[in-house]
Structures are given as C-alpha cells and as structure tokens.
$ cat target_30.cif   # mmCIF, C-alpha atoms
data_my_file
#
loop_
_atom_site.group_PDB
_atom_site.id
_atom_site.type_symbol
_atom_site.label_atom_id
_atom_site.label_comp_id
_atom_site.auth_asym_id
_atom_site.auth_seq_id
_atom_site.Cartn_x
_atom_site.Cartn_y
_atom_site.Cartn_z
ATOM 1 C CA MET A 1 16.669 2.788 -74.171
ATOM 2 C CA ARG A 2 13.096 1.759 -73.372
ATOM 3 C CA LEU A 3 14.161 -1.062 -71.036
ATOM 4 C CA LEU A 4 16.396 1.213 -68.977
ATOM 5 C CA SER A 5 13.681 3.836 -68.679
ATOM 6 C CA ALA A 6 11.288 1.130 -67.510
ATOM 7 C CA PHE A 7 13.749 0.226 -64.750
ATOM 8 C CA PHE A 8 13.131 3.555 -63.084
ATOM 9 C CA LEU A 9 9.379 3.524 -63.372
ATOM 10 C CA PHE A 10 8.783 1.397 -60.318
ATOM 11 C CA CYS A 11 11.300 2.763 -57.838
ATOM 12 C CA SER A 12 9.756 3.838 -54.558
ATOM 13 C CA LEU A 13 11.669 4.583 -51.382
ATOM 14 C CA GLY A 14 9.933 3.769 -48.119
ATOM 15 C CA TYR A 15 11.440 6.309 -45.770
ATOM 16 C CA ALA A 16 10.943 9.970 -44.893
ATOM 17 C CA GLU A 17 13.197 12.510 -46.562
ATOM 18 C CA VAL A 18 14.762 15.194 -44.386
ATOM 19 C CA VAL A 19 14.630 18.535 -46.198
ATOM 20 C CA TYR A 20 17.388 21.148 -45.909
ATOM 21 C CA PRO A 21 17.865 24.570 -47.528
ATOM 22 C CA GLY A 22 20.343 24.830 -50.384
ATOM 23 C CA PHE A 23 20.684 22.123 -53.015
ATOM 24 C CA SER A 24 19.007 18.830 -53.902
ATOM 25 C CA LEU A 25 18.507 16.807 -57.055
ATOM 26 C CA ILE A 26 16.270 14.299 -58.792
ATOM 27 C CA PRO A 27 18.749 11.709 -60.137
ATOM 28 C CA HIS A 28 16.651 10.474 -63.059
ATOM 29 C CA ILE A 29 13.972 12.075 -65.207
ATOM 30 C CA VAL A 30 12.471 10.724 -68.438
ATOM 31 C CA ASP A 31 10.104 12.195 -71.001
ATOM 32 C CA GLY A 32 8.590 10.697 -74.143
ATOM 33 C CA GLY A 33 8.081 7.177 -75.418
ATOM 34 C CA GLY A 34 5.102 6.742 -73.131
ATOM 35 C CA ILE A 35 6.697 8.318 -70.048
ATOM 36 C CA GLN A 36 5.881 11.598 -68.325
ATOM 37 C CA THR A 37 7.719 13.181 -65.392
ATOM 38 C CA VAL A 38 5.812 15.274 -62.860
ATOM 39 C CA LEU A 39 7.811 17.390 -60.383
ATOM 40 C CA THR A 40 6.216 18.702 -57.214
ATOM 41 C CA ILE A 41 7.970 21.475 -55.272
ATOM 42 C CA THR A 42 6.776 22.174 -51.698
ATOM 43 C CA ASN A 43 7.668 24.904 -49.218
ATOM 44 C CA LEU A 44 7.840 23.383 -45.733
ATOM 45 C CA ASP A 45 8.552 26.715 -44.019
ATOM 46 C CA ASP A 46 6.235 29.139 -42.217
ATOM 47 C CA THR A 47 7.771 31.916 -44.337
ATOM 48 C CA PRO A 48 8.096 32.399 -48.122
ATOM 49 C CA SER A 49 10.923 30.475 -49.838
ATOM 50 C CA THR A 50 12.496 30.909 -53.271
ATOM 51 C CA TYR A 51 13.612 28.022 -55.480
ATOM 52 C CA THR A 52 15.046 27.365 -58.952
ATOM 53 C CA VAL A 53 14.731 24.152 -61.005
ATOM 54 C CA TRP A 54 17.123 23.221 -63.808
ATOM 55 C CA PHE A 55 17.012 20.198 -66.121
ATOM 56 C CA TRP A 56 20.345 18.693 -67.280
ATOM 57 C CA ASP A 57 21.141 16.121 -69.976
ATOM 58 C CA ASP A 58 23.583 13.205 -69.761
ATOM 59 C CA ASN A 59 26.479 15.474 -70.777
ATOM 60 C CA GLY A 60 25.806 18.182 -68.207
ATOM 61 C CA ASN A 61 24.212 20.641 -70.615
ATOM 62 C CA PRO A 62 20.857 22.345 -70.018
ATOM 63 C CA LEU A 63 18.154 19.925 -71.134
ATOM 64 C CA SER A 64 15.278 21.193 -73.222
ATOM 65 C CA ILE A 65 12.046 19.418 -72.311
ATOM 66 C CA ALA A 66 8.590 20.797 -73.005
ATOM 67 C CA THR A 67 6.971 21.479 -69.645
ATOM 68 C CA ASN A 68 4.102 23.398 -68.139
ATOM 69 C CA PRO A 69 5.240 26.012 -67.305
ATOM 70 C CA GLY A 70 8.412 26.476 -69.384
ATOM 71 C CA ASN A 71 11.635 24.479 -69.426
ATOM 72 C CA ARG A 72 12.912 25.922 -66.129
ATOM 73 C CA ASP A 73 11.616 27.871 -63.189
ATOM 74 C CA TYR A 74 13.788 30.873 -62.328
ATOM 75 C CA PHE A 75 13.639 32.229 -58.782
ATOM 76 C CA VAL A 76 10.071 31.257 -58.018
ATOM 77 C CA THR A 77 8.803 32.316 -54.596
ATOM 78 C CA LEU A 78 6.445 29.954 -52.812
ATOM 79 C CA ALA A 79 4.123 31.161 -50.081
ATOM 80 C CA PRO A 80 4.345 29.357 -46.730
ATOM 81 C CA HIS A 81 3.343 25.686 -47.141
ATOM 82 C CA ALA A 82 2.489 26.238 -50.822
ATOM 83 C CA SER A 83 3.406 23.831 -53.636
ATOM 84 C CA ARG A 84 3.954 23.976 -57.388
ATOM 85 C CA THR A 85 3.730 21.242 -60.036
ATOM 86 C CA ILE A 86 5.850 21.058 -63.194
ATOM 87 C CA ARG A 87 4.832 18.468 -65.803
ATOM 88 C CA THR A 88 6.729 17.315 -68.857
ATOM 89 C CA ALA A 89 4.620 16.832 -71.968
ATOM 90 C CA GLY A 90 5.202 13.070 -72.242
ATOM 91 C CA THR A 91 3.979 13.102 -75.840
ATOM 92 C CA ALA A 92 7.223 12.682 -77.805
ATOM 93 C CA SER A 93 7.715 9.367 -79.606
ATOM 94 C CA THR A 94 11.340 9.127 -78.494
ATOM 95 C CA GLN A 95 12.603 9.243 -74.928
ATOM 96 C CA THR A 96 14.783 11.963 -73.424
ATOM 97 C CA GLN A 97 16.521 11.397 -70.104
ATOM 98 C CA GLY A 98 18.605 13.373 -67.630
ATOM 99 C CA TRP A 99 18.287 14.802 -64.133
ATOM 100 C CA ALA A 100 16.978 17.877 -62.317
ATOM 101 C CA SER A 101 18.616 20.192 -59.788
ATOM 102 C CA ILE A 102 16.747 22.282 -57.226
ATOM 103 C CA THR A 103 18.270 25.189 -55.318
ATOM 104 C CA SER A 104 16.349 27.005 -52.614
ATOM 105 C CA THR A 105 16.602 29.691 -49.950
ATOM 106 C CA GLY A 106 14.466 27.783 -47.453
ATOM 107 C CA ASN A 107 13.273 24.278 -46.627
ATOM 108 C CA VAL A 108 11.876 23.409 -50.048
ATOM 109 C CA GLY A 109 11.182 19.746 -50.723
ATOM 110 C CA ALA A 110 10.831 18.100 -54.126
ATOM 111 C CA SER A 111 9.801 14.771 -55.615
ATOM 112 C CA ALA A 112 9.259 13.370 -59.087
ATOM 113 C CA ILE A 113 6.558 11.024 -60.330
ATOM 114 C CA LEU A 114 7.297 8.995 -63.454
ATOM 115 C CA ARG A 115 4.050 8.052 -65.194
ATOM 116 C CA PHE A 116 3.996 5.258 -67.751
ATOM 117 C CA SER A 117 1.320 5.073 -70.427
ATOM 118 C CA ALA A 118 2.681 2.379 -72.766
ATOM 119 C CA SER A 119 2.226 -1.375 -72.350
ATOM 120 C CA PRO A 120 3.033 -3.599 -70.568
ATOM 121 C CA TRP A 121 3.147 -1.171 -67.628
ATOM 122 C CA ALA A 122 0.467 1.324 -68.638
ATOM 123 C CA GLY A 123 -0.939 3.148 -65.630
ATOM 124 C CA SER A 124 2.102 2.494 -63.429
ATOM 125 C CA GLU A 125 3.752 5.294 -61.457
ATOM 126 C CA VAL A 126 6.882 5.665 -59.351
ATOM 127 C CA VAL A 127 7.799 8.417 -56.889
ATOM 128 C CA ILE A 128 11.438 9.546 -56.647
ATOM 129 C CA PRO A 129 12.190 11.932 -53.764
ATOM 130 C CA ALA A 130 14.815 14.626 -54.234
ATOM 131 C CA ASP A 131 18.238 13.579 -52.972
ATOM 132 C CA PRO A 132 19.762 16.061 -50.487
ATOM 133 C CA THR A 133 22.579 13.713 -49.480
ATOM 134 C CA ARG A 134 26.264 14.422 -49.818
ATOM 135 C CA ASN A 135 28.290 11.220 -49.966
ATOM 136 C CA ASN A 136 30.983 9.732 -52.179
ATOM 137 C CA ARG A 137 30.793 6.020 -51.331
ATOM 138 C CA PHE A 138 27.793 3.692 -51.550
ATOM 139 C CA LEU A 139 27.073 -0.028 -51.226
ATOM 140 C CA LEU A 140 24.069 -1.701 -52.846
ATOM 141 C CA ALA A 141 22.870 -5.290 -52.637
ATOM 142 C CA PHE A 142 22.114 -6.832 -56.034
ATOM 143 C CA ASP A 143 20.325 -10.013 -57.052
ATOM 144 C CA GLN A 144 20.292 -10.843 -60.752
ATOM 145 C CA THR A 145 19.156 -14.435 -60.451
ATOM 146 C CA ASP A 146 15.937 -15.511 -62.184
ATOM 147 C CA SER A 147 16.796 -13.246 -65.159
ATOM 148 C CA ALA A 148 16.622 -10.108 -63.009
ATOM 149 C CA VAL A 149 18.623 -7.013 -63.971
ATOM 150 C CA ILE A 150 19.837 -3.981 -62.015
ATOM 151 C CA GLY A 151 19.480 -0.472 -63.476
ATOM 152 C CA LEU A 152 21.591 2.386 -62.091
ATOM 153 C CA ALA A 153 21.517 6.162 -62.518
ATOM 154 C CA LEU A 154 24.517 8.205 -61.350
ATOM 155 C CA VAL A 155 24.696 11.995 -61.168
ATOM 156 C CA ASN A 156 27.799 14.105 -60.608
ATOM 157 C CA PRO A 157 26.595 17.622 -59.704
ATOM 158 C CA ASN A 158 30.098 19.040 -59.173
ATOM 159 C CA GLY A 159 33.417 19.156 -61.057
ATOM 160 C CA PRO A 160 34.963 16.257 -63.037
ATOM 161 C CA ILE A 161 35.463 13.055 -61.046
ATOM 162 C CA SER A 162 36.634 9.464 -61.431
ATOM 163 C CA VAL A 163 34.134 6.811 -60.353
ATOM 164 C CA THR A 164 35.000 3.250 -59.336
ATOM 165 C CA MET A 165 32.378 0.510 -59.461
ATOM 166 C CA THR A 166 33.105 -2.898 -57.907
ATOM 167 C CA PHE A 167 30.813 -5.931 -58.077
ATOM 168 C CA ARG A 168 31.396 -8.600 -55.431
ATOM 169 C CA GLY A 169 29.831 -12.024 -55.010
ATOM 170 C CA GLU A 170 28.228 -13.227 -51.808
ATOM 171 C CA ASP A 171 31.642 -14.477 -50.663
ATOM 172 C CA GLY A 172 33.104 -10.971 -51.009
ATOM 173 C CA GLY A 173 35.226 -11.885 -54.001
ATOM 174 C CA VAL A 174 35.410 -9.422 -56.888
ATOM 175 C CA ILE A 175 33.331 -10.360 -59.925
ATOM 176 C CA VAL A 176 34.269 -7.334 -61.995
ATOM 177 C CA ALA A 177 35.528 -3.795 -61.358
ATOM 178 C CA ASP A 178 35.499 -0.705 -63.527
ATOM 179 C CA THR A 179 36.645 2.906 -63.339
ATOM 180 C CA PHE A 180 35.243 5.692 -65.510
ATOM 181 C CA ASN A 181 35.190 9.474 -65.585
ATOM 182 C CA MET A 182 32.165 11.703 -65.133
ATOM 183 C CA GLY A 183 32.266 15.344 -66.156
ATOM 184 C CA SER A 184 30.634 18.209 -64.332
ATOM 185 C CA ARG A 185 26.844 17.892 -63.982
ATOM 186 C CA THR A 186 26.784 14.641 -65.984
ATOM 187 C CA HIS A 187 24.272 11.803 -65.701
ATOM 188 C CA ARG A 188 25.002 8.161 -66.473
ATOM 189 C CA ALA A 189 22.423 5.367 -66.776
ATOM 190 C CA ILE A 190 23.693 1.774 -66.614
ATOM 191 C CA VAL A 191 22.067 -1.607 -67.228
ATOM 192 C CA THR A 192 24.425 -3.836 -65.273
ATOM 193 C CA THR A 193 24.028 -7.041 -67.287
ATOM 194 C CA SER A 194 24.684 -5.118 -70.513
ATOM 195 C CA SER A 195 27.668 -3.130 -69.251
ATOM 196 C CA TYR A 196 29.022 -5.926 -67.023
ATOM 197 C CA PRO A 197 27.903 -9.319 -68.447
ATOM 198 C CA ALA A 198 29.870 -11.250 -65.795
ATOM 199 C CA THR A 199 27.277 -10.137 -63.220
ATOM 200 C CA ALA A 200 24.354 -11.835 -64.999
ATOM 201 C CA GLY A 201 22.736 -14.514 -62.859
ATOM 202 C CA ARG A 202 24.769 -13.487 -59.814
ATOM 203 C CA ARG A 203 23.994 -11.868 -56.476
ATOM 204 C CA GLY A 204 26.160 -9.874 -54.119
ATOM 205 C CA THR A 205 27.009 -6.200 -53.658
ATOM 206 C CA ILE A 206 27.918 -3.191 -55.780
ATOM 207 C CA GLU A 207 30.267 -0.589 -54.318
ATOM 208 C CA ILE A 208 30.261 2.795 -56.059
ATOM 209 C CA SER A 209 32.754 5.430 -54.971
ATOM 210 C CA THR A 210 34.733 8.483 -55.955
ATOM 211 C CA SER A 211 37.791 9.780 -54.147
ATOM 212 C CA SER A 212 36.723 13.386 -54.567
ATOM 213 C CA SER A 213 33.501 15.372 -54.710
ATOM 214 C CA TYR A 214 30.136 13.620 -54.334
ATOM 215 C CA LEU A 215 27.662 11.431 -56.178
ATOM 216 C CA SER A 216 23.951 10.742 -56.261
ATOM 217 C CA VAL A 217 22.957 7.119 -56.913
ATOM 218 C CA LEU A 218 19.589 5.603 -57.855
ATOM 219 C CA ALA A 219 19.154 1.827 -58.278
ATOM 220 C CA LEU A 220 16.343 -0.483 -59.336
ATOM 221 C CA ARG A 221 15.967 -4.258 -59.657
ATOM 222 C CA PHE A 222 13.940 -5.408 -62.660
ATOM 223 C CA GLY A 223 12.663 -8.960 -62.189
ATOM 224 C CA PRO A 224 10.668 -11.177 -64.544
ATOM 225 C CA SER A 225 7.333 -9.973 -63.127
ATOM 226 C CA ALA A 226 8.118 -7.260 -60.574
ATOM 227 C CA ILE A 227 10.212 -4.139 -60.052
ATOM 228 C CA SER A 228 11.781 -3.170 -56.719
ATOM 229 C CA SER A 229 14.054 -0.388 -55.533
ATOM 230 C CA VAL A 230 17.520 -0.957 -54.103
ATOM 231 C CA VAL A 231 18.335 1.572 -51.390
ATOM 232 C CA PRO A 232 22.015 2.621 -51.382
ATOM 233 C CA LEU A 233 23.746 2.070 -48.039
ATOM 234 C CA VAL A 234 26.294 4.498 -46.584
ATOM 235 C CA SER A 235 28.477 3.555 -43.620
ATOM 236 C CA ASN A 236 28.716 6.179 -40.894
ATOM 237 C CA THR A 237 32.491 5.988 -41.409
ATOM 238 C CA TRP A 238 32.043 7.017 -45.068
ATOM 239 C CA SER A 239 29.673 9.941 -44.507
ATOM 240 C CA ASN A 240 31.072 13.458 -44.713
ATOM 241 C CA ILE A 241 31.369 14.596 -41.090
ATOM 242 C CA ASP A 242 32.938 18.001 -41.755
ATOM 243 C CA ASN A 243 29.542 19.345 -42.754
ATOM 244 C CA PRO A 244 27.431 20.192 -39.667
ATOM 245 C CA CYS A 245 24.514 18.617 -41.516
ATOM 246 C CA TRP A 246 25.921 15.117 -42.029
ATOM 247 C CA GLY A 247 25.246 13.827 -45.496
ATOM 248 C CA CYS A 248 23.825 17.141 -46.793
ATOM 249 C CA TRP A 249 25.002 19.028 -49.827
ATOM 250 C CA ASP A 250 27.260 21.898 -48.818
ATOM 251 C CA TYR A 251 26.101 24.458 -51.426
#
$ encode --input "target_30.cif" --output "structure tokens"
Amino acid sequence: MRLLSAFFLFCSLGYAEVVYPGFSLIPHIVDGGGIQTVLTITNLDDTPSTYTVWFWDDNGNPLSIATNPGNRDYFVTLAPHASRTIRTAGTASTQTQGWASITSTGNVGASAILRFSASPWAGSEVVIPADPTRNNRFLLAFDQTDSAVIGLALVNPNGPISVTMTFRGEDGGVIVADTFNMGSRTHRAIVTTSSYPATAGRRGTIEISTSSSYLSVLALRFGPSAISSVVPLVSNTWSNIDNPCWGCWDY
C-alpha cells in the first residue's frame, strides 16, 4: 500500500543507538513504487568484524530484492572502522516490503535510509537505525486528530507468538483491543485507522505486548502536512533484566 509505505518515509529517531555484538534488525524496508532502501553497515571496533544481512518478507520467508551487491551478504568481514553500503534497485513499479536482520561477531552498527522519488514527497529521506533492543511490551502515544493517522510495523524475529494491542483514550479507558498471532520471522504493517476505525480522530496511547519472546516496533504519525516519528516507550519494570545487557537481543 503506497500510503503505508509513505508513513515510514519520514521516521527519524533523535537519539544515539548503542551497538552490541550479536543480532539487530531493521523493522521496515521498502523497495519499488518510487522508494529505495539504502543499508549502511559499519564496524565500530578496532579489530575486523564479520556480519551477515538477510532480507525477510511479511511471512518470514527470505525476501528477494534486487540489490547491489546481491540479495544478501554472507559472512562479510569489515576492516576496523570500515563501512559497506547495500542499495535496493528502487526501480520496480510495485512496492515490496519486509524487514532486514543483521548478525555480527563484533560491534557492527546498521541503519537504513528510505529514499522517496515519487510525488508528493519526491526527494524526501528517512533514517531508520537498526534495533538491538529485546523487549516484549511497549507503550506509544498516538494523536489522530486533524485527520492524522498512525502507521505501525511489527517484527517477530523468534518463534510463533501472540500479540495484544490495546488502544486507550486520554482518560485511560479502552477504545479497542485486539489479539493476533505472528509466526516466526514475520513482519506486519498496520494503518491504525484502517484496521481499528474506532481510533480515528482520537488521541491516547497504544500498548503492544506479547507474553513470550520479543518484538520490534516502529511507529509513525502521518499528519495532513507533516510526518513525525513516535518513539516506543518501555518501562524499566518491563525490560528484560535477566540479560546482562538490559534490552539487548540475547542471540
């Protein structure tokens, strides 16, 4: 859907990402229909580091996207402080969406730039940093007054899970709640006013949670004339404290 893809074109997060070895992911990638995704992989270490990038579709299957170089990078070694860029073609007439996973032996950081070449947002770009977090409960503020709409992208990088989504008004009362399943490595994009019409014209909070495993969540507010990101909040009482690196993936 062109509108949903546009939601994610203007998401920028204004904080520094802490990079850890192991696993991270880009929760939303798009190619075609006037959109190009550019991945940049950077080795932060003083020693060589090896990484692998995989693209996945909505159903958790390997996603075939024309890139330079190749569809995936297998066990690429980066020299100290070196970087590598992977670009999708961006020339297809139809859009393909999914997510990307990055595994590494060292402190390898990643980010994605979504470049838009079709009107009315031609020339716009958005940077999405890789998500190294490991959490299963999130709270997001939403404001869908003035015809604004929230777009969400959820990624489940592990085994099958059940996800609960609860919309509450400013008084804390439930507007609508939903529970759905997500299979292993699946990606789900949601336009809230389409999937949950009762939230149109309302403001409040969205709680997204799963009782097992972990999720990655990306959110964007699309207003009549501007796009803004919605940073997911995680209470310190929700964060996984068994992992010595709080909030990190334990791969």
$ residues_around --input "target_30.cif" --residues "region 26-41 of chain A" --least-positions-apart "6" --cutoff "9 Å" --atoms "all atoms listed in the file" --output "MDAnalysis selection string"
chainID A and resid 2 5:6 8:9 51 55 65:66 78 82:102 108:119 122 128:131 153:155 187 189 216:218
$ resolve_selection --input "target_30.cif" --expression "the PyMOL selection byres ((chain A and resi 205-208) around 6)" --output "list in words"
Arg137, Phe138, Leu139, Leu140, Ala141, Phe142, Thr164, Met165, Thr166, Phe167, Arg168, Gly204 and Ser209 of chain A
$ write_last_selection --input "target_30.cif" --atoms "C-alpha atoms" --output "short mmCIF file (atom, residue, chain, number, x, y, z; two decimals), in the coordinates of the input"
data_model
loop_
_atom_site.label_atom_id
_atom_site.label_comp_id
_atom_site.auth_asym_id
_atom_site.auth_seq_id
_atom_site.Cartn_x
_atom_site.Cartn_y
_atom_site.Cartn_z
CA ARG A 137 30.79 6.02 -51.33
CA PHE A 138 27.79 3.69 -51.55
CA LEU A 139 27.07 -0.03 -51.23
CA LEU A 140 24.07 -1.70 -52.85
CA ALA A 141 22.87 -5.29 -52.64
CA PHE A 142 22.11 -6.83 -56.03
CA THR A 164 35.00 3.25 -59.34
CA MET A 165 32.38 0.51 -59.46
CA THR A 166 33.10 -2.90 -57.91
CA PHE A 167 30.81 -5.93 -58.08
CA ARG A 168 31.40 -8.60 -55.43
CA GLY A 204 26.16 -9.87 -54.12
CA SER A 209 32.75 5.43 -54.97
#
$ closest_residue --input "target_30.cif" --among "A:Val18, A:Leu63, A:Val230, A:Leu25" --to "Leu44 (chain A)" --atoms "all atoms listed in the file"
A:Val18
$ atom_distance --input "target_30.cif" --atom1 "CA of Ser124 (chain A)" --atom2 "CA of Asn68 (chain A)"
21.5 Å
$ residues_around --input "target_30.cif" --residues "Val149 (chain A)" --least-positions-apart "3" --cutoff "8 Å" --atoms "all atoms listed in the file" --output "JSON, numbers by chain"
{"A": [143, 144, 191, 192, 193, 200, 221, 222, 223]}
$ atom_distance --input "target_30.cif" --atom1 "CA of Arg185 (chain A)" --atom2 "CA of Ala219 (chain A)"
18.7 Å
$ atom_distance --input "target_30.cif" --atom1 "CA of Pro62 (chain A)" --atom2 "CA of Val127 (chain A)"
23.2 Å
$ closest_residue --input "target_30.cif" --among "A:Asp45, A:Ser64, A:Asp58, A:Ala177" --to "Tyr20 (chain A)" --atoms "all atoms listed in the file"
A:Asp45
$ residues_around --input "target_30.cif" --residues "Gly183 (chain A)" --least-positions-apart "6" --cutoff "8 Å" --atoms "only C-alpha atoms" --output "count of residues only"
6
$ resolve_selection --input "target_30.cif" --expression "the PyMOL selection byres ((chain A and resi 52) around 7)" --output "short mmCIF file (atom, residue, chain, number, x, y, z; two decimals) with C-alpha atoms, in the coordinates of the input"
data_model
loop_
_atom_site.label_atom_id
_atom_site.label_comp_id
_atom_site.auth_asym_id
_atom_site.auth_seq_id
_atom_site.Cartn_x
_atom_site.Cartn_y
_atom_site.Cartn_z
CA TYR A 51 13.61 28.02 -55.48
CA VAL A 53 14.73 24.15 -61.00
CA TRP A 54 17.12 23.22 -63.81
CA ASP A 73 11.62 27.87 -63.19
CA TYR A 74 13.79 30.87 -62.33
CA PHE A 75 13.64 32.23 -58.78
CA VAL A 76 10.07 31.26 -58.02
CA ILE A 102 16.75 22.28 -57.23
CA THR A 103 18.27 25.19 -55.32
CA SER A 104 16.35 27.00 -52.61
#
$ build_atoms --input "target_30.cif" --residues "region 188-209 of chain A" --atoms "N, CA and C atoms" --output "CSV table (one decimal), in the coordinates of the input"
chain,number,residue,atom,x,y,z
A,188,ARG,N,24.7,9.4,-65.8
A,188,ARG,CA,25.0,8.2,-66.5
A,188,ARG,C,24.0,7.1,-66.1
A,189,ALA,N,23.4,6.5,-67.0
A,189,ALA,CA,22.4,5.4,-66.8
A,189,ALA,C,23.1,4.1,-67.2
A,190,ILE,N,23.0,3.0,-66.4
A,190,ILE,CA,23.7,1.8,-66.6
A,190,ILE,C,22.7,0.6,-66.4
A,191,VAL,N,22.7,-0.3,-67.4
A,191,VAL,CA,22.1,-1.6,-67.2
A,191,VAL,C,23.2,-2.6,-66.9
A,192,THR,N,23.2,-3.1,-65.7
A,192,THR,CA,24.4,-3.8,-65.3
A,192,THR,C,24.8,-5.1,-66.1
A,193,THR,N,23.7,-5.8,-66.5
A,193,THR,CA,24.0,-7.0,-67.3
A,193,THR,C,24.5,-6.7,-68.7
A,194,SER,N,24.2,-5.5,-69.2
A,194,SER,CA,24.7,-5.1,-70.5
A,194,SER,C,26.1,-4.6,-70.4
A,195,SER,N,26.3,-3.7,-69.4
A,195,SER,CA,27.7,-3.1,-69.3
A,195,SER,C,28.7,-4.1,-68.6
A,196,TYR,N,28.2,-5.0,-67.8
A,196,TYR,CA,29.0,-5.9,-67.0
A,196,TYR,C,28.4,-7.3,-67.1
A,197,PRO,N,28.6,-8.0,-68.2
A,197,PRO,CA,27.9,-9.3,-68.4
A,197,PRO,C,28.3,-10.4,-67.4
A,198,ALA,N,29.4,-10.3,-66.8
A,198,ALA,CA,29.9,-11.2,-65.8
A,198,ALA,C,29.0,-11.3,-64.6
A,199,THR,N,28.2,-10.2,-64.4
A,199,THR,CA,27.3,-10.1,-63.2
A,199,THR,C,25.9,-10.8,-63.5
A,200,ALA,N,25.6,-11.2,-64.7
A,200,ALA,CA,24.4,-11.8,-65.0
A,200,ALA,C,24.2,-13.1,-64.2
A,201,GLY,N,23.0,-13.3,-63.6
A,201,GLY,CA,22.7,-14.5,-62.9
A,201,GLY,C,23.4,-14.6,-61.5
A,202,ARG,N,24.0,-13.5,-61.1
A,202,ARG,CA,24.8,-13.5,-59.8
A,202,ARG,C,24.1,-12.6,-58.8
A,203,ARG,N,24.4,-12.8,-57.5
A,203,ARG,CA,24.0,-11.9,-56.5
A,203,ARG,C,25.2,-11.5,-55.6
A,204,GLY,N,25.1,-10.3,-55.0
A,204,GLY,CA,26.2,-9.9,-54.1
A,204,GLY,C,26.0,-8.4,-53.8
A,205,THR,N,27.1,-7.6,-53.9
A,205,THR,CA,27.0,-6.2,-53.7
A,205,THR,C,27.7,-5.4,-54.8
A,206,ILE,N,27.3,-4.1,-54.9
A,206,ILE,CA,27.9,-3.2,-55.8
A,206,ILE,C,28.4,-2.0,-54.9
A,207,GLU,N,29.7,-1.8,-55.0
A,207,GLU,CA,30.3,-0.6,-54.3
A,207,GLU,C,30.6,0.5,-55.4
A,208,ILE,N,30.1,1.7,-55.1
A,208,ILE,CA,30.3,2.8,-56.1
A,208,ILE,C,30.9,3.9,-55.3
A,209,SER,N,32.0,4.4,-55.7
A,209,SER,CA,32.8,5.4,-55.0
A,209,SER,C,33.5,6.4,-55.9
